[in-house]
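Asks: Sharing target_37.cif, mmCIF, C-alpha atoms:
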data_run
#
loop_
_atom_site.label_atom_id
_atom_site.label_comp_id
_atom_site.auth_asym_id
_atom_site.auth_seq_id
_atom_site.Cartn_x
_atom_site.Cartn_y
_atom_site.Cartn_z
CA MET A 1 -18.65 23.81 9.20
CA SER A 2 -16.09 23.80 11.98
CA ALA A 3 -14.84 20.86 14.03
CA GLN A 4 -17.47 19.20 16.16
CA ALA A 5 -16.77 18.14 19.74
CA THR A 6 -19.20 16.02 21.73
CA PRO A 7 -19.46 15.74 25.51
CA GLN A 8 -19.17 12.26 27.00
CA GLY A 9 -22.21 10.08 26.42
CA GLN A 10 -23.77 12.22 23.70
CA ALA A 11 -24.50 10.97 20.21
CA LEU A 12 -22.32 12.21 17.37
CA PRO A 13 -23.72 15.26 15.58
CA SER A 14 -24.52 15.16 11.90
CA ALA A 15 -22.23 17.16 9.64
CA HIS A 16 -22.03 17.82 5.92
CA PHE A 17 -19.01 18.94 3.91
CA ALA A 18 -19.91 19.59 0.27
CA ASN A 19 -16.26 19.30 -0.79
CA THR A 20 -14.04 17.64 1.81
CA ARG A 21 -10.86 18.29 -0.25
CA GLU A 22 -11.39 22.03 0.22
CA GLN A 23 -11.07 21.56 4.00
CA ALA A 24 -7.38 20.63 3.65
CA THR A 25 -4.75 23.21 4.58
CA PHE A 26 -1.28 23.20 3.04
CA SER A 27 1.89 24.61 4.57
CA ALA A 28 5.60 24.60 3.75
CA ALA A 29 6.05 23.53 7.40
CA GLY A 30 4.22 20.24 6.73
CA PRO A 31 0.75 18.83 7.34
CA GLN A 32 -1.79 20.97 9.16
CA PRO A 33 -4.51 18.47 10.13
CA ARG A 34 -8.04 19.85 10.41
CA PHE A 35 -10.49 18.05 12.67
CA LEU A 36 -13.91 17.71 11.09
CA LEU A 37 -15.03 15.77 14.17
CA ASP A 38 -13.28 15.30 17.50
CA SER A 39 -15.12 13.28 20.13
CA GLU A 40 -14.62 10.55 22.69
CA GLN A 41 -15.95 8.10 20.09
CA GLY A 42 -13.25 9.01 17.59
CA ALA A 43 -12.05 11.67 15.20
CA VAL A 44 -12.28 12.58 11.54
CA VAL A 45 -9.35 14.55 10.19
CA VAL A 46 -8.57 15.96 6.74
CA ALA A 47 -4.98 16.86 5.91
CA GLY A 48 -2.90 17.88 2.93
CA LEU A 49 0.73 17.36 1.97
CA GLU A 50 2.61 19.19 -0.76
CA ALA A 51 4.68 17.11 -3.20
CA GLY A 52 7.74 15.77 -1.39
CA GLN A 53 6.36 16.28 2.12
CA GLN A 54 6.00 13.35 4.47
CA ILE A 55 4.58 12.16 7.75
CA PRO A 56 7.22 10.05 9.52
CA ALA A 57 6.18 6.53 10.57
CA HIS A 58 4.61 6.48 14.03
CA PRO A 59 2.37 4.08 16.00
CA GLU A 60 -1.24 5.05 16.57
CA GLY A 61 -4.67 3.52 17.15
CA THR A 62 -6.92 1.91 14.55
CA ALA A 63 -7.58 4.24 11.61
CA ILE A 64 -8.92 4.34 8.07
CA TYR A 65 -7.18 6.61 5.55
CA HIS A 66 -9.06 7.56 2.39
CA PHE A 67 -7.19 9.55 -0.26
CA LEU A 68 -9.11 12.35 -1.97
CA GLU A 69 -6.51 13.90 -4.27
CA GLY A 70 -2.99 13.31 -5.55
CA SER A 71 -0.63 10.36 -5.24
CA GLY A 72 2.07 9.05 -2.97
CA THR A 73 3.11 6.14 -0.78
CA MET A 74 1.74 5.01 2.57
CA LEU A 75 3.86 2.88 4.87
CA VAL A 76 2.16 0.47 7.29
CA ASP A 77 4.77 -1.40 9.31
CA ALA A 78 6.96 -3.04 6.61
CA GLU A 79 4.39 -2.72 3.78
CA ARG A 80 4.43 0.14 1.26
CA TYR A 81 1.20 0.96 -0.56
CA ALA A 82 0.90 3.19 -3.63
CA VAL A 83 -2.00 5.56 -2.93
CA ALA A 84 -3.98 7.89 -5.18
CA ALA A 85 -7.40 9.53 -5.21
CA GLY A 86 -9.90 6.81 -4.34
CA SER A 87 -7.43 4.60 -2.39
CA THR A 88 -8.31 3.46 1.13
CA VAL A 89 -5.87 2.00 3.67
CA ILE A 90 -7.08 0.40 6.92
CA VAL A 91 -4.45 0.38 9.66
CA PRO A 92 -4.74 -1.73 12.85
CA ALA A 93 -3.99 -0.37 16.30
CA GLY A 94 -0.30 -0.17 17.13
CA ALA A 95 0.89 -0.41 13.52
CA HIS A 96 3.46 2.17 12.49
CA ARG A 97 2.13 4.36 9.69
CA GLY A 98 3.55 7.20 7.64
CA MET A 99 3.25 8.67 4.18
CA GLN A 100 5.16 10.45 1.44
CA ALA A 101 3.46 12.69 -1.13
CA ALA A 102 4.57 12.34 -4.78
CA THR A 103 2.12 15.08 -5.80
CA ARG A 104 -0.11 17.36 -3.74
CA LEU A 105 -1.95 14.83 -1.56
CA VAL A 106 -5.21 15.19 0.38
CA PHE A 107 -6.51 12.47 2.70
CA LEU A 108 -9.26 11.86 5.21
CA ALA A 109 -8.40 9.90 8.36
CA VAL A 110 -11.05 8.28 10.55
CA LYS A 111 -9.57 7.43 13.93
CA PHE A 112 -11.35 5.12 16.34
CA ALA A 113 -11.50 5.82 20.08
CA GLY A 114 -10.57 3.09 22.50
CA SER A 115 -7.66 1.74 20.50
CA PRO A 116 -4.07 2.28 21.65
CA THR A 117 -2.30 5.43 20.52
CA ALA A 118 1.33 6.43 20.30
CA ALA A 119 1.12 8.04 23.74
CA SER A 120 -0.21 4.87 25.38
CA GLN A 121 2.46 2.71 23.70
CA ALA A 122 5.44 4.88 24.63
#
Go ahead and express the file in the form of structure tokens.

Replies:
Amino acid sequence: MSAQATPQGQALPSAHFANTREQATFSAAGPQPRFLLDSEQGAVVVAGLEAGQQIPAHPEGTAIYHFLEGSGTMLVDAERYAVAAGSTVIVPAGAHRGMQAATRLVFLAVKFAGSPTAASQA
């Protein structure tokens, strides 16, 4: 299934992904996020990092990160969390977040609409 977009005021569509990990794309250039849902209510993104790749710390809105494969470290403000398949990290709006992959890492990010993003905090 491809990314779902919803017009303003419409309910979110249902979607099923039999194996969410398989939706991740890997690139030597870094993460290539894939939107499973992109709407005014929020977004659901799956992304993959190769071992050694990172996402630099940056502020964003409220989000939940659930790790599907691999291991690494997630930074939330001054806290470092060891993450592996099955780990979940909840990040409040405005907190700086980033990650470093120790092994090939796949994660799902659920981003909530209406919370400040990096663009609105700049």

Asks: My list of candidates is A:Leu68, A:Gly61, A:Asp38, A:Asp77. Which is closest to Asn19 (chain A) when distances are computed with only C-alpha atoms?

Replies: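 Between A:Leu68, A:Gly61, A:Asp38, A:Asp77, the residue approaching Asn19 (chain A) most closely is A:Leu68.
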
Asks: How big is the axis-aligned box around the listed atoms of region 39-51 of chain A once 3 Å is added on each side, and where is its centre? Give both in Å to one decimal, as lines of an AutoDock Vina configuration file.

Replies:
center_x = -5.6
center_y = 13.6
center_z = 9.7
size_x = 26.6
size_y = 17.1
size_z = 31.9

Asks: Calculated over only C-alpha atoms, which of the candidates A:Phe26, A:Tyr65, A:Phe17, A:Tyr81 has the smallest distance to Ala43 (chain A)?

Replies: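 Of A:Phe26, A:Tyr65, A:Phe17, A:Tyr81, the one nearest Ala43 (chain A) is A:Tyr65, counting only C-alpha atoms.
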
Asks: Which is closer to Thr73 (chain A) than all the others in A:Ala85, A:Ala102, A:Ile55, A:Val91, using all atoms listed in the file?

Replies: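 Closest candidate: A:Ala102.
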
Asks: For Gln41 (chain A), which residue out of A:Ala109, A:Leu12, A:Ala18, A:Ala101 is the nearest one, using all atoms listed in the file?

Replies: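 Checking each candidate against Gln41 (chain A), we get A:Leu12 as the closest.
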
Asks: Write out as a list of chain:residue names which residues come within 9 Å of Gly42 (chain A) when counting only C-alpha atoms, dropping same-chain ones fewer than 2 positions away.

Replies: A:Leu37, A:Asp38, A:Ser39, A:Glu40, A:Val44, A:Val110, A:Lys111, A:Phe112, A:Ala113, A:Gly114

Asks: Please write the residues from the selection above to a file, keeping C-alpha atoms, as a compact mmCIF listing (two decimals), in the coordinates of the input.

Replies:
# COMPACT_ATOMS: atom_id res chain seq x y z
CA LEU A 37 -15.03 15.77 14.17
CA ASP A 38 -13.28 15.30 17.50
CA SER A 39 -15.12 13.28 20.13
CA GLU A 40 -14.62 10.55 22.69
CA VAL A 44 -12.28 12.58 11.54
CA VAL A 110 -11.05 8.28 10.55
CA LYS A 111 -9.57 7.43 13.93
CA PHE A 112 -11.35 5.12 16.34
CA ALA A 113 -11.50 5.82 20.08
CA GLY A 114 -10.57 3.09 22.50

Asks: Go ahead and compute the interatomic distance for CA of Ala28 (chain A) and CA of Gly70 (chain A), in Å to one decimal.

Replies: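 Here the two named atoms are 17.0 Å from each other.
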
Asks: Using the chain letters and numbers from the file, which residues does the PyMOL selection byres ((chain A and resi 80) around 12) grab, as a ChimeraX atom specification?

Replies: /A:57,72-79,81-83,89,96-100

Asks: Any idea what the distance is between CA of Gly52 (chain A) and CA of Thr103 (chain A)?

Replies: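 According to the coordinates, CA of Gly52 (chain A) and CA of Thr103 (chain A) are separated by 7.2 Å.
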
Asks: I'd like the contact shell of Gln32 (chain A) - 12 Å cut-off, only C-alpha atoms, skipping same-chain residues fewer than 6 positions apart - returned as a PyMOL selection string.

Replies: chain A and resi 23-26+45-50+53-55+106-107

Asks: Counting all atoms listed in the file, which of A:Glu60, A:Ser27, A:Ala51, A:Pro13 gets nearest to Ala95 (chain A)?

Replies: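 Nearest candidate to Ala95 (chain A) out of A:Glu60, A:Ser27, A:Ala51, A:Pro13: A:Glu60.
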
Asks: Under the rule that only C-alpha atoms are counted, which of A:Leu108, A:Thr20, A:Ala15, A:Gly30 is the nearest residue to His66 (chain A)?

Replies: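 Closest to His66 (chain A) of all the choices is A:Leu108.
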
Asks: What gap, in Å, lies between CA of Ile90 (chain A) and CA of Ala29 (chain A)?

Replies: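 If I compute the distance from CA of Ile90 (chain A) to CA of Ala29 (chain A), I get 26.6 Å.
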
Asks: N, CA and C atoms are needed for region 48-79 of chain A; please write them out as a PDB file, in the coordinates of the input.

Replies:
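Below is the file that was written, rebuild-v9.pdb:
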ATOM      1  N   GLY A  48      -3.516  17.770   4.240  1.00  0.00           N
ATOM      2  CA  GLY A  48      -2.900  17.880   2.930  1.00  0.00           C
ATOM      3  C   GLY A  48      -1.388  17.926   3.045  1.00  0.00           C
ATOM      4  N   LEU A  49      -0.726  17.318   2.079  1.00  0.00           N
ATOM      5  CA  LEU A  49       0.730  17.360   1.970  1.00  0.00           C
ATOM      6  C   LEU A  49       1.086  17.888   0.589  1.00  0.00           C
ATOM      7  N   GLU A  50       2.073  18.754   0.533  1.00  0.00           N
ATOM      8  CA  GLU A  50       2.610  19.190  -0.760  1.00  0.00           C
ATOM      9  C   GLU A  50       3.526  18.094  -1.297  1.00  0.00           C
ATOM     10  N   ALA A  51       3.769  18.086  -2.589  1.00  0.00           N
ATOM     11  CA  ALA A  51       4.680  17.110  -3.200  1.00  0.00           C
ATOM     12  C   ALA A  51       6.009  17.114  -2.456  1.00  0.00           C
ATOM     13  N   GLY A  52       6.474  15.916  -2.095  1.00  0.00           N
ATOM     14  CA  GLY A  52       7.740  15.770  -1.390  1.00  0.00           C
ATOM     15  C   GLY A  52       7.627  15.791   0.120  1.00  0.00           C
ATOM     16  N   GLN A  53       6.515  16.267   0.667  1.00  0.00           N
ATOM     17  CA  GLN A  53       6.360  16.280   2.120  1.00  0.00           C
ATOM     18  C   GLN A  53       6.017  14.882   2.613  1.00  0.00           C
ATOM     19  N   GLN A  54       6.264  14.662   3.897  1.00  0.00           N
ATOM     20  CA  GLN A  54       6.000  13.350   4.470  1.00  0.00           C
ATOM     21  C   GLN A  54       5.510  13.447   5.894  1.00  0.00           C
ATOM     22  N   ILE A  55       4.908  12.370   6.346  1.00  0.00           N
ATOM     23  CA  ILE A  55       4.580  12.160   7.750  1.00  0.00           C
ATOM     24  C   ILE A  55       5.427  10.972   8.172  1.00  0.00           C
ATOM     25  N   PRO A  56       6.360  11.164   9.107  1.00  0.00           N
ATOM     26  CA  PRO A  56       7.220  10.050   9.520  1.00  0.00           C
ATOM     27  C   PRO A  56       6.384   8.918  10.145  1.00  0.00           C
ATOM     28  N   ALA A  57       6.870   7.690   9.996  1.00  0.00           N
ATOM     29  CA  ALA A  57       6.180   6.530  10.570  1.00  0.00           C
ATOM     30  C   ALA A  57       6.073   6.679  12.076  1.00  0.00           C
ATOM     31  N   HIS A  58       4.888   6.376  12.602  1.00  0.00           N
ATOM     32  CA  HIS A  58       4.610   6.480  14.030  1.00  0.00           C
ATOM     33  C   HIS A  58       3.486   5.516  14.380  1.00  0.00           C
ATOM     34  N   PRO A  59       3.469   4.968  15.610  1.00  0.00           N
ATOM     35  CA  PRO A  59       2.370   4.080  16.000  1.00  0.00           C
ATOM     36  C   PRO A  59       1.160   4.918  16.427  1.00  0.00           C
ATOM     37  N   GLU A  60      -0.014   4.369  16.202  1.00  0.00           N
ATOM     38  CA  GLU A  60      -1.240   5.050  16.570  1.00  0.00           C
ATOM     39  C   GLU A  60      -2.340   4.009  16.671  1.00  0.00           C
ATOM     40  N   GLY A  61      -3.536   4.425  17.056  1.00  0.00           N
ATOM     41  CA  GLY A  61      -4.670   3.520  17.150  1.00  0.00           C
ATOM     42  C   GLY A  61      -5.213   3.135  15.780  1.00  0.00           C
ATOM     43  N   THR A  62      -6.267   2.337  15.784  1.00  0.00           N
ATOM     44  CA  THR A  62      -6.920   1.910  14.550  1.00  0.00           C
ATOM     45  C   THR A  62      -7.394   3.126  13.760  1.00  0.00           C
ATOM     46  N   ALA A  63      -7.160   3.114  12.443  1.00  0.00           N
ATOM     47  CA  ALA A  63      -7.580   4.240  11.610  1.00  0.00           C
ATOM     48  C   ALA A  63      -7.815   3.782  10.180  1.00  0.00           C
ATOM     49  N   ILE A  64      -8.670   4.532   9.494  1.00  0.00           N
ATOM     50  CA  ILE A  64      -8.920   4.340   8.070  1.00  0.00           C
ATOM     51  C   ILE A  64      -8.480   5.613   7.368  1.00  0.00           C
ATOM     52  N   TYR A  65      -7.654   5.477   6.345  1.00  0.00           N
ATOM     53  CA  TYR A  65      -7.180   6.610   5.550  1.00  0.00           C
ATOM     54  C   TYR A  65      -7.779   6.500   4.154  1.00  0.00           C
ATOM     55  N   HIS A  66      -8.472   7.541   3.734  1.00  0.00           N
ATOM     56  CA  HIS A  66      -9.060   7.560   2.390  1.00  0.00           C
ATOM     57  C   HIS A  66      -8.464   8.756   1.656  1.00  0.00           C
ATOM     58  N   PHE A  67      -7.898   8.517   0.488  1.00  0.00           N
ATOM     59  CA  PHE A  67      -7.190   9.550  -0.260  1.00  0.00           C
ATOM     60  C   PHE A  67      -8.137  10.219  -1.248  1.00  0.00           C
ATOM     61  N   LEU A  68      -8.170  11.547  -1.199  1.00  0.00           N
ATOM     62  CA  LEU A  68      -9.110  12.350  -1.970  1.00  0.00           C
ATOM     63  C   LEU A  68      -8.491  12.984  -3.201  1.00  0.00           C
ATOM     64  N   GLU A  69      -7.185  13.201  -3.171  1.00  0.00           N
ATOM     65  CA  GLU A  69      -6.510  13.900  -4.270  1.00  0.00           C
ATOM     66  C   GLU A  69      -5.038  13.537  -4.262  1.00  0.00           C
ATOM     67  N   GLY A  70      -4.426  13.480  -5.433  1.00  0.00           N
ATOM     68  CA  GLY A  70      -2.990  13.310  -5.550  1.00  0.00           C
ATOM     69  C   GLY A  70      -2.539  11.861  -5.506  1.00  0.00           C
ATOM     70  N   SER A  71      -1.208  11.697  -5.309  1.00  0.00           N
ATOM     71  CA  SER A  71      -0.630  10.360  -5.240  1.00  0.00           C
ATOM     72  C   SER A  71       0.580  10.373  -4.328  1.00  0.00           C
ATOM     73  N   GLY A  72       0.928   9.182  -3.855  1.00  0.00           N
ATOM     74  CA  GLY A  72       2.070   9.050  -2.970  1.00  0.00           C
ATOM     75  C   GLY A  72       2.200   7.616  -2.499  1.00  0.00           C
ATOM     76  N   THR A  73       2.872   7.456  -1.367  1.00  0.00           N
ATOM     77  CA  THR A  73       3.110   6.140  -0.780  1.00  0.00           C
ATOM     78  C   THR A  73       2.727   6.188   0.691  1.00  0.00           C
ATOM     79  N   MET A  74       2.043   5.147   1.148  1.00  0.00           N
ATOM     80  CA  MET A  74       1.740   5.010   2.570  1.00  0.00           C
ATOM     81  C   MET A  74       2.465   3.790   3.086  1.00  0.00           C
ATOM     82  N   LEU A  75       3.132   3.959   4.214  1.00  0.00           N
ATOM     83  CA  LEU A  75       3.860   2.880   4.870  1.00  0.00           C
ATOM     84  C   LEU A  75       3.031   2.397   6.054  1.00  0.00           C
ATOM     85  N   VAL A  76       2.811   1.084   6.125  1.00  0.00           N
ATOM     86  CA  VAL A  76       2.160   0.470   7.290  1.00  0.00           C
ATOM     87  C   VAL A  76       3.061  -0.679   7.709  1.00  0.00           C
ATOM     88  N   ASP A  77       3.726  -0.477   8.857  1.00  0.00           N
ATOM     89  CA  ASP A  77       4.770  -1.400   9.310  1.00  0.00           C
ATOM     90  C   ASP A  77       5.764  -1.595   8.160  1.00  0.00           C
ATOM     91  N   ALA A  78       5.963  -2.802   7.668  1.00  0.00           N
ATOM     92  CA  ALA A  78       6.960  -3.040   6.610  1.00  0.00           C
ATOM     93  C   ALA A  78       6.362  -2.961   5.202  1.00  0.00           C
ATOM     94  N   GLU A  79       5.053  -2.751   5.091  1.00  0.00           N
ATOM     95  CA  GLU A  79       4.390  -2.720   3.780  1.00  0.00           C
ATOM     96  C   GLU A  79       4.314  -1.296   3.240  1.00  0.00           C
TER      97      GLU A  79
END
